[in-house]
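query09.csv (CSV, C-alpha atoms) appears below.
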```csv
chain,number,residue,atom,x,y,z
A,1,THR,CA,56.9,159.5,-83.2
A,2,ALA,CA,59.9,158.3,-81.2
A,3,GLU,CA,62.3,155.5,-81.9
A,4,PRO,CA,62.5,152.6,-81.2
A,5,HIS,CA,59.0,151.5,-82.2
A,6,LEU,CA,57.7,148.2,-80.8
A,7,CYS,CA,54.4,146.8,-82.3
A,8,PHE,CA,52.1,144.2,-80.8
A,9,ALA,CA,49.9,142.5,-83.4
A,10,GLY,CA,46.9,140.2,-82.9
A,11,HIS,CA,43.3,139.5,-83.9
A,12,THR,CA,40.0,139.7,-82.1
A,13,ASP,CA,38.0,137.6,-84.6
A,14,VAL,CA,37.4,133.9,-83.9
A,15,VAL,CA,36.3,130.8,-85.7
A,16,PRO,CA,32.7,129.6,-85.2
A,17,PRO,CA,32.0,127.7,-82.0
A,18,GLY,CA,30.5,124.7,-83.7
A,19,ASP,CA,27.8,123.0,-81.6
A,20,ALA,CA,27.3,125.5,-78.7
A,21,ALA,CA,25.3,122.8,-76.8
A,22,ALA,CA,28.4,120.6,-76.7
A,23,TRP,CA,30.4,123.2,-74.7
A,24,THR,CA,30.8,122.8,-71.0
A,25,HIS,CA,30.2,126.5,-70.6
A,26,PRO,CA,28.6,128.9,-73.2
A,27,PRO,CA,31.3,129.7,-75.9
A,28,PHE,CA,30.9,133.5,-75.6
A,29,ALA,CA,30.2,133.8,-71.9
A,30,ALA,CA,33.9,134.1,-70.8
A,31,THR,CA,33.2,131.8,-67.9
A,32,ILE,CA,35.8,131.4,-65.1
A,33,ALA,CA,35.6,127.9,-63.6
A,34,ASP,CA,37.9,125.1,-62.5
A,35,GLY,CA,40.9,127.4,-62.7
A,36,HIS,CA,40.4,128.2,-66.3
A,37,LEU,CA,38.9,130.9,-68.5
A,38,TRP,CA,36.5,129.2,-70.9
A,39,GLY,CA,35.3,130.6,-74.3
A,40,ARG,CA,36.0,131.0,-78.0
A,41,GLY,CA,39.0,133.2,-78.4
A,42,ALA,CA,40.4,132.7,-74.9
A,43,ALA,CA,43.6,131.4,-76.4
A,44,ASP,CA,43.2,132.4,-80.0
A,45,MET,CA,43.7,135.1,-79.3
A,46,LYS,CA,41.7,137.6,-77.2
A,47,GLY,CA,43.5,136.3,-74.1
A,48,PRO,CA,47.0,137.2,-75.3
A,49,ILE,CA,45.7,140.7,-76.5
A,50,ALA,CA,44.4,141.3,-73.0
A,51,CYS,CA,47.6,140.2,-71.4
A,52,PHE,CA,49.7,142.5,-73.5
A,53,VAL,CA,47.3,145.5,-72.9
A,54,ALA,CA,47.6,144.8,-69.2
A,55,ALA,CA,51.4,144.6,-69.3
A,56,ALA,CA,51.6,147.8,-71.4
A,57,LEU,CA,49.4,149.7,-69.0
A,58,LYS,CA,51.6,148.6,-66.1
A,59,LYS,CA,54.7,149.7,-68.1
A,60,LEU,CA,53.2,153.1,-68.9
A,61,ALA,CA,52.3,153.6,-65.3
A,62,THR,CA,56.0,153.7,-64.4
A,63,GLY,CA,56.7,156.7,-66.7
A,64,PRO,CA,57.0,157.7,-70.3
A,65,LEU,CA,58.4,155.2,-72.8
A,66,PRO,CA,61.8,155.8,-74.4
A,67,GLY,CA,60.3,155.1,-77.8
A,68,SER,CA,56.9,154.2,-79.3
A,69,LEU,CA,54.5,151.4,-78.7
A,70,SER,CA,51.6,150.4,-81.0
A,71,PHE,CA,48.9,147.8,-81.3
A,72,LEU,CA,47.9,146.4,-84.7
A,73,ILE,CA,44.7,144.5,-84.0
A,74,THR,CA,42.7,143.1,-86.9
A,75,GLY,CA,39.2,141.6,-87.2
A,76,ASP,CA,39.7,139.3,-90.2
A,77,GLU,CA,42.8,137.1,-89.5
A,78,GLU,CA,40.7,133.9,-89.3
A,79,GLY,CA,39.2,134.6,-92.8
A,80,PRO,CA,40.6,135.8,-96.1
A,81,ALA,CA,42.7,138.4,-94.2
A,82,LEU,CA,42.0,141.2,-96.8
A,83,ASN,CA,41.0,144.2,-94.8
A,84,GLY,CA,43.1,144.1,-91.6
A,85,THR,CA,46.8,143.8,-91.2
A,86,ARG,CA,47.7,144.1,-94.8
A,87,LYS,CA,45.9,147.4,-95.3
A,88,VAL,CA,47.2,148.8,-92.1
A,89,LEU,CA,50.7,148.0,-93.2
A,90,ASP,CA,50.2,149.6,-96.5
A,91,TRP,CA,48.8,152.7,-94.7
A,92,LEU,CA,51.9,152.8,-92.4
A,93,ALA,CA,54.2,152.5,-95.4
A,94,ALA,CA,52.4,155.4,-97.2
A,95,ARG,CA,52.9,157.5,-94.1
A,96,GLY,CA,56.6,156.6,-93.8
A,97,GLU,CA,56.0,154.9,-90.5
A,98,THR,CA,58.5,152.1,-89.6
A,99,ILE,CA,58.3,149.3,-87.1
A,100,ASP,CA,61.6,148.2,-85.4
A,101,PHE,CA,60.2,144.9,-84.0
A,102,CYS,CA,56.8,143.2,-84.0
A,103,LEU,CA,55.5,140.6,-81.5
A,104,VAL,CA,52.4,138.7,-82.6
A,105,GLY,CA,50.5,137.1,-79.7
A,106,GLU,CA,49.4,133.9,-81.4
A,107,PRO,CA,49.0,130.9,-79.0
A,108,THR,CA,52.5,129.3,-79.7
A,109,SER,CA,53.0,127.5,-76.4
A,110,ARG,CA,52.4,123.8,-76.9
A,111,GLU,CA,52.3,121.9,-73.6
A,112,LYS,CA,53.1,124.6,-71.1
A,113,LEU,CA,53.4,128.3,-71.1
A,114,GLY,CA,56.6,129.6,-72.7
A,115,ASP,CA,57.9,126.3,-74.1
A,116,MET,CA,57.9,127.6,-77.8
A,117,ILE,CA,58.0,130.7,-79.8
A,118,LYS,CA,57.7,131.0,-83.6
A,119,ILE,CA,60.5,132.6,-85.5
A,120,GLY,CA,59.1,131.7,-88.9
A,121,ARG,CA,56.4,130.0,-90.8
A,122,ARG,CA,56.0,127.9,-93.9
A,123,GLY,CA,54.1,129.3,-96.8
A,124,SER,CA,50.6,128.2,-97.8
A,125,LEU,CA,49.3,127.4,-101.3
A,126,THR,CA,45.8,126.1,-102.1
A,127,GLY,CA,44.8,124.5,-105.4
A,128,TYR,CA,41.3,124.2,-106.6
A,129,LEU,CA,41.1,121.5,-109.3
A,130,THR,CA,38.0,121.0,-111.5
A,131,VAL,CA,37.7,118.1,-114.0
A,132,HIS,CA,35.0,118.2,-116.6
A,133,GLY,CA,33.3,115.2,-118.1
A,134,ARG,CA,29.9,114.3,-119.4
A,135,GLN,CA,26.9,113.1,-117.3
A,136,GLY,CA,25.3,109.8,-118.1
A,137,HIS,CA,23.8,106.5,-116.9
A,138,VAL,CA,26.2,104.1,-115.2
A,139,ALA,CA,24.9,101.3,-117.3
A,140,TYR,CA,25.9,103.1,-120.5
A,141,PRO,CA,29.4,104.4,-119.8
A,142,ASP,CA,30.1,104.7,-123.5
A,143,ARG,CA,27.6,107.5,-123.6
A,144,ALA,CA,29.2,109.4,-120.7
A,145,ASP,CA,32.7,110.7,-119.7
A,146,ASN,CA,33.5,110.0,-116.1
A,147,PRO,CA,35.5,112.9,-114.6
A,148,LEU,CA,36.4,110.9,-111.5
A,149,GLN,CA,38.7,108.6,-113.5
A,150,LYS,CA,40.7,111.7,-114.8
A,151,MET,CA,40.6,113.3,-111.4
A,152,LEU,CA,42.1,110.2,-109.8
A,153,ARG,CA,45.0,110.3,-112.2
A,154,LEU,CA,45.7,113.9,-111.5
A,155,LEU,CA,45.5,113.5,-107.8
A,156,GLU,CA,47.8,110.5,-107.9
A,157,ALA,CA,50.4,112.6,-109.7
A,158,LEU,CA,50.1,115.3,-107.1
A,159,GLN,CA,50.4,112.8,-104.2
A,160,SER,CA,53.5,111.3,-105.7
A,161,LEU,CA,55.2,114.7,-106.0
A,162,HIS,CA,58.2,114.8,-103.7
A,163,LEU,CA,58.8,118.4,-102.8
A,164,ASP,CA,61.8,118.3,-100.5
A,165,ASN,CA,63.4,116.8,-97.4
A,166,GLY,CA,63.2,120.0,-95.4
A,167,SER,CA,65.7,122.8,-95.0
A,168,ALA,CA,68.0,124.2,-92.3
A,169,HIS,CA,65.2,126.0,-90.5
A,170,PHE,CA,62.0,124.2,-91.7
A,171,GLN,CA,60.4,120.8,-91.8
A,172,PRO,CA,59.7,119.2,-95.2
A,173,SER,CA,57.0,120.7,-97.4
A,174,ASN,CA,53.8,118.7,-97.6
A,175,LEU,CA,50.9,118.5,-100.1
A,176,GLU,CA,47.5,117.3,-98.7
A,177,ILE,CA,44.3,116.6,-100.6
A,178,VAL,CA,41.5,118.0,-98.4
A,179,THR,CA,38.3,117.6,-100.5
A,180,ILE,CA,37.0,115.6,-103.4
A,181,ASP,CA,33.4,116.3,-104.4
A,182,THR,CA,31.1,115.7,-107.4
A,183,GLY,CA,27.8,116.9,-105.8
A,184,ASN,CA,26.3,113.7,-107.0
A,185,THR,CA,23.5,112.3,-104.9
A,186,ALA,CA,22.5,109.4,-107.2
A,187,ASP,CA,24.2,106.0,-107.3
A,188,ASN,CA,23.3,105.3,-110.9
A,189,VAL,CA,24.6,108.5,-112.5
A,190,ILE,CA,28.0,109.3,-113.8
A,191,PRO,CA,28.6,113.0,-112.7
A,192,ALA,CA,29.4,115.8,-115.1
A,193,GLN,CA,32.3,117.2,-113.2
A,194,CYS,CA,34.4,116.7,-110.1
A,195,GLN,CA,36.2,119.2,-107.9
A,196,ALA,CA,39.1,118.6,-105.5
A,197,THR,CA,41.0,121.0,-103.2
A,198,PHE,CA,44.6,120.5,-102.0
A,199,ASN,CA,46.8,122.6,-99.8
A,200,VAL,CA,50.6,122.8,-99.7
A,201,ARG,CA,52.6,124.0,-96.8
A,202,PHE,CA,56.0,124.9,-98.2
A,203,ASN,CA,59.3,125.8,-96.7
A,204,ASP,CA,62.0,128.3,-97.8
A,205,LEU,CA,63.2,126.0,-100.6
A,206,HIS,CA,60.2,127.2,-102.7
A,207,THR,CA,58.3,130.4,-103.6
A,208,GLY,CA,54.6,130.3,-104.3
A,209,ALA,CA,55.2,131.1,-107.9
A,210,ASP,CA,57.8,128.4,-108.5
A,211,LEU,CA,55.7,125.8,-106.7
A,212,SER,CA,52.6,126.8,-108.8
A,213,ALA,CA,54.6,126.3,-112.0
A,214,ARG,CA,55.9,122.9,-110.8
A,215,ILE,CA,52.4,121.7,-110.0
A,216,ARG,CA,51.1,122.8,-113.3
A,217,THR,CA,53.9,121.0,-115.1
A,218,VAL,CA,53.2,117.8,-113.2
A,219,LEU,CA,49.5,117.9,-114.1
A,220,ALA,CA,50.2,118.7,-117.7
A,221,ALA,CA,52.3,115.6,-118.0
A,222,CYS,CA,49.3,113.4,-116.9
A,223,ASP,CA,47.3,111.4,-119.3
A,224,VAL,CA,44.4,113.9,-119.1
A,225,PRO,CA,43.7,116.3,-121.9
A,226,SER,CA,44.3,119.9,-120.8
A,227,GLU,CA,40.8,120.9,-122.0
A,228,ASN,CA,39.3,118.6,-119.4
A,229,PHE,CA,40.5,120.3,-116.3
A,230,VAL,CA,41.1,123.7,-114.8
A,231,LEU,CA,43.4,124.5,-111.9
A,232,ASP,CA,43.1,127.7,-109.8
A,233,ILE,CA,45.8,128.5,-107.3
A,234,ARG,CA,45.7,130.8,-104.3
A,235,ILE,CA,48.8,131.7,-102.4
A,236,SER,CA,47.9,133.0,-98.9
A,237,GLY,CA,51.5,133.5,-97.8
A,238,GLU,CA,55.2,132.9,-98.5
A,239,SER,CA,57.5,131.2,-96.0
A,240,PHE,CA,59.6,133.5,-93.8
A,241,TYR,CA,62.3,133.2,-91.2
A,242,THR,CA,63.4,135.7,-88.6
A,243,ALA,CA,67.0,135.0,-87.7
A,244,PRO,CA,68.0,134.9,-84.0
A,245,SER,CA,68.6,138.5,-82.8
A,246,GLN,CA,68.8,140.6,-79.7
A,247,ASP,CA,65.1,141.1,-79.8
A,248,ILE,CA,64.5,137.3,-79.7
A,249,ASP,CA,67.1,136.9,-76.9
A,250,LEU,CA,65.2,139.5,-74.8
A,251,LEU,CA,61.9,137.6,-75.2
A,252,CYS,CA,63.6,134.3,-74.4
A,253,ALA,CA,65.2,135.9,-71.3
A,254,ALA,CA,61.8,137.2,-70.2
A,255,ILE,CA,60.2,133.8,-70.7
A,256,GLU,CA,62.9,132.0,-68.7
A,257,GLN,CA,62.6,134.6,-65.9
A,258,VAL,CA,59.0,133.7,-65.4
A,259,THR,CA,58.9,130.0,-66.3
A,260,GLY,CA,62.5,128.9,-65.4
A,261,THR,CA,63.0,127.3,-68.8
A,262,PRO,CA,64.1,128.8,-72.1
A,263,PRO,CA,61.7,128.3,-75.1
A,264,GLU,CA,62.2,126.3,-78.2
A,265,LEU,CA,62.6,128.4,-81.4
A,266,SER,CA,60.3,126.9,-84.0
A,267,THR,CA,58.9,127.4,-87.5
A,268,SER,CA,56.2,124.7,-87.2
A,269,GLY,CA,52.5,125.2,-87.4
A,270,GLY,CA,50.1,127.1,-89.6
A,271,THR,CA,50.1,130.7,-90.8
A,272,SER,CA,49.3,134.0,-89.1
A,273,ASP,CA,49.3,137.7,-89.9
A,274,ALA,CA,53.1,137.5,-89.3
A,275,ARG,CA,53.3,136.5,-93.0
A,276,PHE,CA,52.4,140.0,-94.0
A,277,ILE,CA,54.3,141.8,-91.2
A,278,ARG,CA,57.6,140.1,-92.1
A,279,ALA,CA,57.9,142.3,-95.2
A,280,HIS,CA,57.8,145.4,-93.0
A,281,ALA,CA,59.7,144.5,-89.8
A,282,PRO,CA,61.4,141.6,-88.0
A,283,VAL,CA,58.5,139.6,-86.5
A,284,ILE,CA,58.1,136.6,-84.1
A,285,GLU,CA,55.1,135.0,-82.4
A,286,PHE,CA,54.5,134.1,-78.8
A,287,GLY,CA,51.4,133.5,-76.7
A,288,ILE,CA,49.4,131.2,-74.5
A,289,VAL,CA,49.1,127.4,-74.7
A,290,GLY,CA,47.1,126.6,-77.8
A,291,ALA,CA,46.0,123.0,-77.0
A,292,THR,CA,42.3,123.8,-77.3
A,293,ILE,CA,42.2,126.4,-80.1
A,294,HIS,CA,39.4,125.9,-82.7
A,295,GLN,CA,38.0,123.2,-80.5
A,296,VAL,CA,34.9,122.8,-78.4
A,297,ASP,CA,35.7,124.0,-74.9
A,298,GLU,CA,38.5,126.3,-75.8
A,299,ARG,CA,40.1,127.5,-72.5
A,300,VAL,CA,43.2,128.7,-70.9
A,301,ALA,CA,44.5,128.3,-67.3
A,302,LEU,CA,44.2,131.4,-65.2
A,303,ALA,CA,47.7,130.8,-64.0
A,304,ASP,CA,48.9,131.0,-67.6
A,305,ILE,CA,47.1,134.3,-68.2
A,306,ALA,CA,48.9,135.8,-65.2
A,307,GLY,CA,52.1,134.2,-66.4
A,308,LEU,CA,51.8,135.6,-69.9
A,309,GLU,CA,51.1,139.1,-68.6
A,310,ASP,CA,54.3,138.8,-66.5
A,311,ILE,CA,56.3,137.6,-69.5
A,312,TYR,CA,55.1,140.4,-71.7
A,313,GLY,CA,55.8,142.9,-68.9
A,314,HIS,CA,59.4,141.7,-68.4
A,315,PHE,CA,59.9,141.8,-72.2
A,316,LEU,CA,58.8,145.4,-72.3
A,317,ASP,CA,61.2,146.3,-69.5
A,318,ARG,CA,64.1,144.6,-71.3
A,319,TRP,CA,63.2,145.9,-74.8
A,320,TYR,CA,63.0,149.5,-73.8
A,321,ALA,CA,66.1,149.3,-71.6
A,322,THR,CA,68.3,148.3,-74.6
```
The structure given in the file should be rewritten as structure tokens.
Amino acid sequence: TAEPHLCFAGHTDVVPPGDAAAWTHPPFAATIADGHLWGRGAADMKGPIACFVAAALKKLATGPLPGSLSFLITGDEEGPALNGTRKVLDWLAARGETIDFCLVGEPTSREKLGDMIKIGRRGSLTGYLTVHGRQGHVAYPDRADNPLQKMLRLLEALQSLHLDNGSAHFQPSNLEIVTIDTGNTADNVIPAQCQATFNVRFNDLHTGADLSARIRTVLAACDVPSENFVLDIRISGESFYTAPSQDIDLLCAAIEQVTGTPPELSTSGGTSDARFIRAHAPVIEFGIVGATIHQVDERVALADIAGLEDIYGHFLDRWYAT
């Protein structure tokens, strides 16, 4: 109920471990060995949540906060992200609640703790392209209609699409084809249809709607009849940028206090729930080293866990003192 209001956001859900037998230690045992905490989610991102909780408890033990502190913890960030952060933000807005600043504990550090924070992210667009043909025997192509030939023309047009050269705060946008599939298990059959999926990570020179229209225009210009293909597009997030501010300066100072080195301010990488929060409050991301996230043997150094807790603690001290 008091201002200012600082929010810490994160997620407790994780990606599947893959082949559990390939792990040095069981993926969900939280094993401490060789100076590391091993397990799925150690870095992405149960570890940073624990660090911020510990830092917050220490801060609260010194006396009442001159403001409010909240935790926005979701359980579906690694999936469609439908029922976590977005719905909580809608609920906050309906109640008239405001957030003055939000810190997301994603594993942004690259090589060593504190070397990078994220002050923005590119947007993400996924296209699902289906080309219809007519199944037939490969020896009688005149009796069939091979959808792969049409698909190749469409994908070539997409691959040759130059989006931009980057912007003041972002790297160039890129379009990547990630799957091509017919479901065909026979080598003497022309398939009836072909599906392909592509993803575009786009910077602030584009919006999802504008980029969707441009892609559709490019495909419509191909030598493929429109009735032969269908394109579905899903935009999971727009690009955003949080301009340098006193809040960011306070976090940078806390990082430098613990590590001795100021962090790089970056907009690289994938997406996070910050893409939803940015419409409600200034938001940045900072957490542990993410070198092993989504991999077998995900782990974090115990020294980095202690260091991250210290950084969060110094940030809380500085933020509530301003």
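Atom pair CA of Val218 in chain A / CA of Asp181 in chain A: separated by 21.7 Å.
Note that the spacing between CA of Asp44 in chain A and CA of Lys87 in chain A amounts to 21.6 Å.
Interatomic distance, CA of Pro262 in chain A to CA of Ile284 in chain A: 15.5 Å.
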Output as a Markdown table one row per residue of range 85-150 of chain A within 12 Å of range 307-316 of chain A: the closest atom pair and its distance in Å to one decimal place, counting all atoms listed in the file, sorted by chain and residue number ascending.
```
| residue | atom | partner | partner_atom | distance |
| --- | --- | --- | --- | --- |
| A:Phe101 | CA | A:Leu316 | CA | 11.8 |
| A:Leu103 | CA | A:Tyr312 | CA | 9.8 |
| A:Val104 | CA | A:Tyr312 | CA | 11.4 |
| A:Gly105 | CA | A:Tyr312 | CA | 9.8 |
| A:Glu106 | CA | A:Leu308 | CA | 11.9 |
| A:Pro107 | CA | A:Leu308 | CA | 10.6 |
| A:Thr108 | CA | A:Leu308 | CA | 11.7 |
| A:Ser109 | CA | A:Leu308 | CA | 10.5 |
| A:Lys112 | CA | A:Gly307 | CA | 10.7 |
| A:Leu113 | CA | A:Leu308 | CA | 7.6 |
| A:Gly114 | CA | A:Leu308 | CA | 8.2 |
| A:Asp115 | CA | A:Leu308 | CA | 11.9 |
```
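Of the listed residues (A:Ile119, A:Ala33, A:Thr12, A:Ala254), A:Ile119 comes nearest to Ala274 in chain A; the distances count all atoms listed in the file.
Contact shell of Ile117 in chain A at 7 Å (only C-alpha atoms; same-chain neighbours under 4 positions omitted): Thr108, Ser109, Pro263, Glu264, Leu265, Ser266, Glu285 and Phe286 of chain A.
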Write out, as a short mmCIF file (atom, residue, chain, number, x, y, z; two decimals), keeping the file's coordinate frame, the residues just selected, with C-alpha atoms.
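Now in out_25.cif:
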```
data_model
loop_
_atom_site.label_atom_id
_atom_site.label_comp_id
_atom_site.auth_asym_id
_atom_site.auth_seq_id
_atom_site.Cartn_x
_atom_site.Cartn_y
_atom_site.Cartn_z
CA THR A 108 52.50 129.30 -79.70
CA SER A 109 53.00 127.50 -76.40
CA PRO A 263 61.70 128.30 -75.10
CA GLU A 264 62.20 126.30 -78.20
CA LEU A 265 62.60 128.40 -81.40
CA SER A 266 60.30 126.90 -84.00
CA GLU A 285 55.10 135.00 -82.40
CA PHE A 286 54.50 134.10 -78.80
#
```
Considering only C-alpha atoms, give me a table of residues in range 206-314 of chain A that are at most 6 Å from range 123-138 of chain A, with the closest atom pair and distance in Å for each, as JSON lines.
```
{"residue": "A:Asn228", "atom": "CA", "partner": "A:His132", "partner_atom": "CA", "distance": 5.1}
{"residue": "A:Phe229", "atom": "CA", "partner": "A:Val131", "partner_atom": "CA", "distance": 4.2}
{"residue": "A:Val230", "atom": "CA", "partner": "A:Thr130", "partner_atom": "CA", "distance": 5.3}
{"residue": "A:Leu231", "atom": "CA", "partner": "A:Leu129", "partner_atom": "CA", "distance": 4.6}
{"residue": "A:Asp232", "atom": "CA", "partner": "A:Tyr128", "partner_atom": "CA", "distance": 5.1}
{"residue": "A:Ile233", "atom": "CA", "partner": "A:Gly127", "partner_atom": "CA", "distance": 4.5}
{"residue": "A:Arg234", "atom": "CA", "partner": "A:Thr126", "partner_atom": "CA", "distance": 5.2}
{"residue": "A:Ile235", "atom": "CA", "partner": "A:Leu125", "partner_atom": "CA", "distance": 4.5}
{"residue": "A:Ser236", "atom": "CA", "partner": "A:Ser124", "partner_atom": "CA", "distance": 5.6}
{"residue": "A:Gly237", "atom": "CA", "partner": "A:Gly123", "partner_atom": "CA", "distance": 5.0}
{"residue": "A:Glu238", "atom": "CA", "partner": "A:Gly123", "partner_atom": "CA", "distance": 4.1}
{"residue": "A:Ser239", "atom": "CA", "partner": "A:Gly123", "partner_atom": "CA", "distance": 4.0}
```
Restricting the output to C-alpha atoms, write the selected residues as an mmCIF file, in the frame of the given file.
```cif
data_model
loop_
_atom_site.group_PDB
_atom_site.id
_atom_site.type_symbol
_atom_site.label_atom_id
_atom_site.label_comp_id
_atom_site.auth_asym_id
_atom_site.auth_seq_id
_atom_site.Cartn_x
_atom_site.Cartn_y
_atom_site.Cartn_z
ATOM 1 C CA ASN A 228 39.300 118.600 -119.400
ATOM 2 C CA PHE A 229 40.500 120.300 -116.300
ATOM 3 C CA VAL A 230 41.100 123.700 -114.800
ATOM 4 C CA LEU A 231 43.400 124.500 -111.900
ATOM 5 C CA ASP A 232 43.100 127.700 -109.800
ATOM 6 C CA ILE A 233 45.800 128.500 -107.300
ATOM 7 C CA ARG A 234 45.700 130.800 -104.300
ATOM 8 C CA ILE A 235 48.800 131.700 -102.400
ATOM 9 C CA SER A 236 47.900 133.000 -98.900
ATOM 10 C CA GLY A 237 51.500 133.500 -97.800
ATOM 11 C CA GLU A 238 55.200 132.900 -98.500
ATOM 12 C CA SER A 239 57.500 131.200 -96.000
#
```
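If you measure from each of A:Pro147, A:Pro225, A:Pro191, A:Pro282 to Ile248 in chain A using all atoms listed in the file, the closest one turns out to be A:Pro282.
Using only C-alpha atoms, the residues found no farther than 12 Å from Thr31 in chain A, other than those of its own chain fewer than 6 positions away, are Trp23, Thr24, His25, Leu37, Trp38, Gly39, Arg40, Ala42, Asp297, Glu298, Arg299, Val300, Ala301 and Leu302 of chain A.
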What's the 12 Å shell around His169 in chain A, counting all atoms listed in the file, without same-chain residues fewer than 2 positions away, as a PDB file with C-alpha atoms, in the coordinates of the input?
```
ATOM      1  CA  LYS A 118      57.700 131.000 -83.600  1.00  0.00           C
ATOM      2  CA  ILE A 119      60.500 132.600 -85.500  1.00  0.00           C
ATOM      3  CA  GLY A 120      59.100 131.700 -88.900  1.00  0.00           C
ATOM      4  CA  ARG A 121      56.400 130.000 -90.800  1.00  0.00           C
ATOM      5  CA  ARG A 122      56.000 127.900 -93.900  1.00  0.00           C
ATOM      6  CA  ASN A 165      63.400 116.800 -97.400  1.00  0.00           C
ATOM      7  CA  GLY A 166      63.200 120.000 -95.400  1.00  0.00           C
ATOM      8  CA  SER A 167      65.700 122.800 -95.000  1.00  0.00           C
ATOM      9  CA  GLN A 171      60.400 120.800 -91.800  1.00  0.00           C
ATOM     10  CA  PRO A 172      59.700 119.200 -95.200  1.00  0.00           C
ATOM     11  CA  SER A 173      57.000 120.700 -97.400  1.00  0.00           C
ATOM     12  CA  ASN A 203      59.300 125.800 -96.700  1.00  0.00           C
ATOM     13  CA  ASP A 204      62.000 128.300 -97.800  1.00  0.00           C
ATOM     14  CA  LEU A 205      63.200 126.000-100.600  1.00  0.00           C
ATOM     15  CA  SER A 239      57.500 131.200 -96.000  1.00  0.00           C
ATOM     16  CA  PHE A 240      59.600 133.500 -93.800  1.00  0.00           C
ATOM     17  CA  TYR A 241      62.300 133.200 -91.200  1.00  0.00           C
ATOM     18  CA  THR A 242      63.400 135.700 -88.600  1.00  0.00           C
ATOM     19  CA  ALA A 243      67.000 135.000 -87.700  1.00  0.00           C
ATOM     20  CA  PRO A 244      68.000 134.900 -84.000  1.00  0.00           C
ATOM     21  CA  LEU A 265      62.600 128.400 -81.400  1.00  0.00           C
ATOM     22  CA  SER A 266      60.300 126.900 -84.000  1.00  0.00           C
ATOM     23  CA  THR A 267      58.900 127.400 -87.500  1.00  0.00           C
ATOM     24  CA  SER A 268      56.200 124.700 -87.200  1.00  0.00           C
TER      25      SER A 268
END
```
Which of these residues is nearest to Glu77 in chain A, using all atoms listed in the file: A:Phe8, A:Phe276, A:Phe52, A:Phe28? A:Phe276
So, counting all atoms listed in the file, which residue among A:Cys252, A:Ile180, A:Ala139, A:Leu211 is closest to Asp164 in chain A? A:Leu211
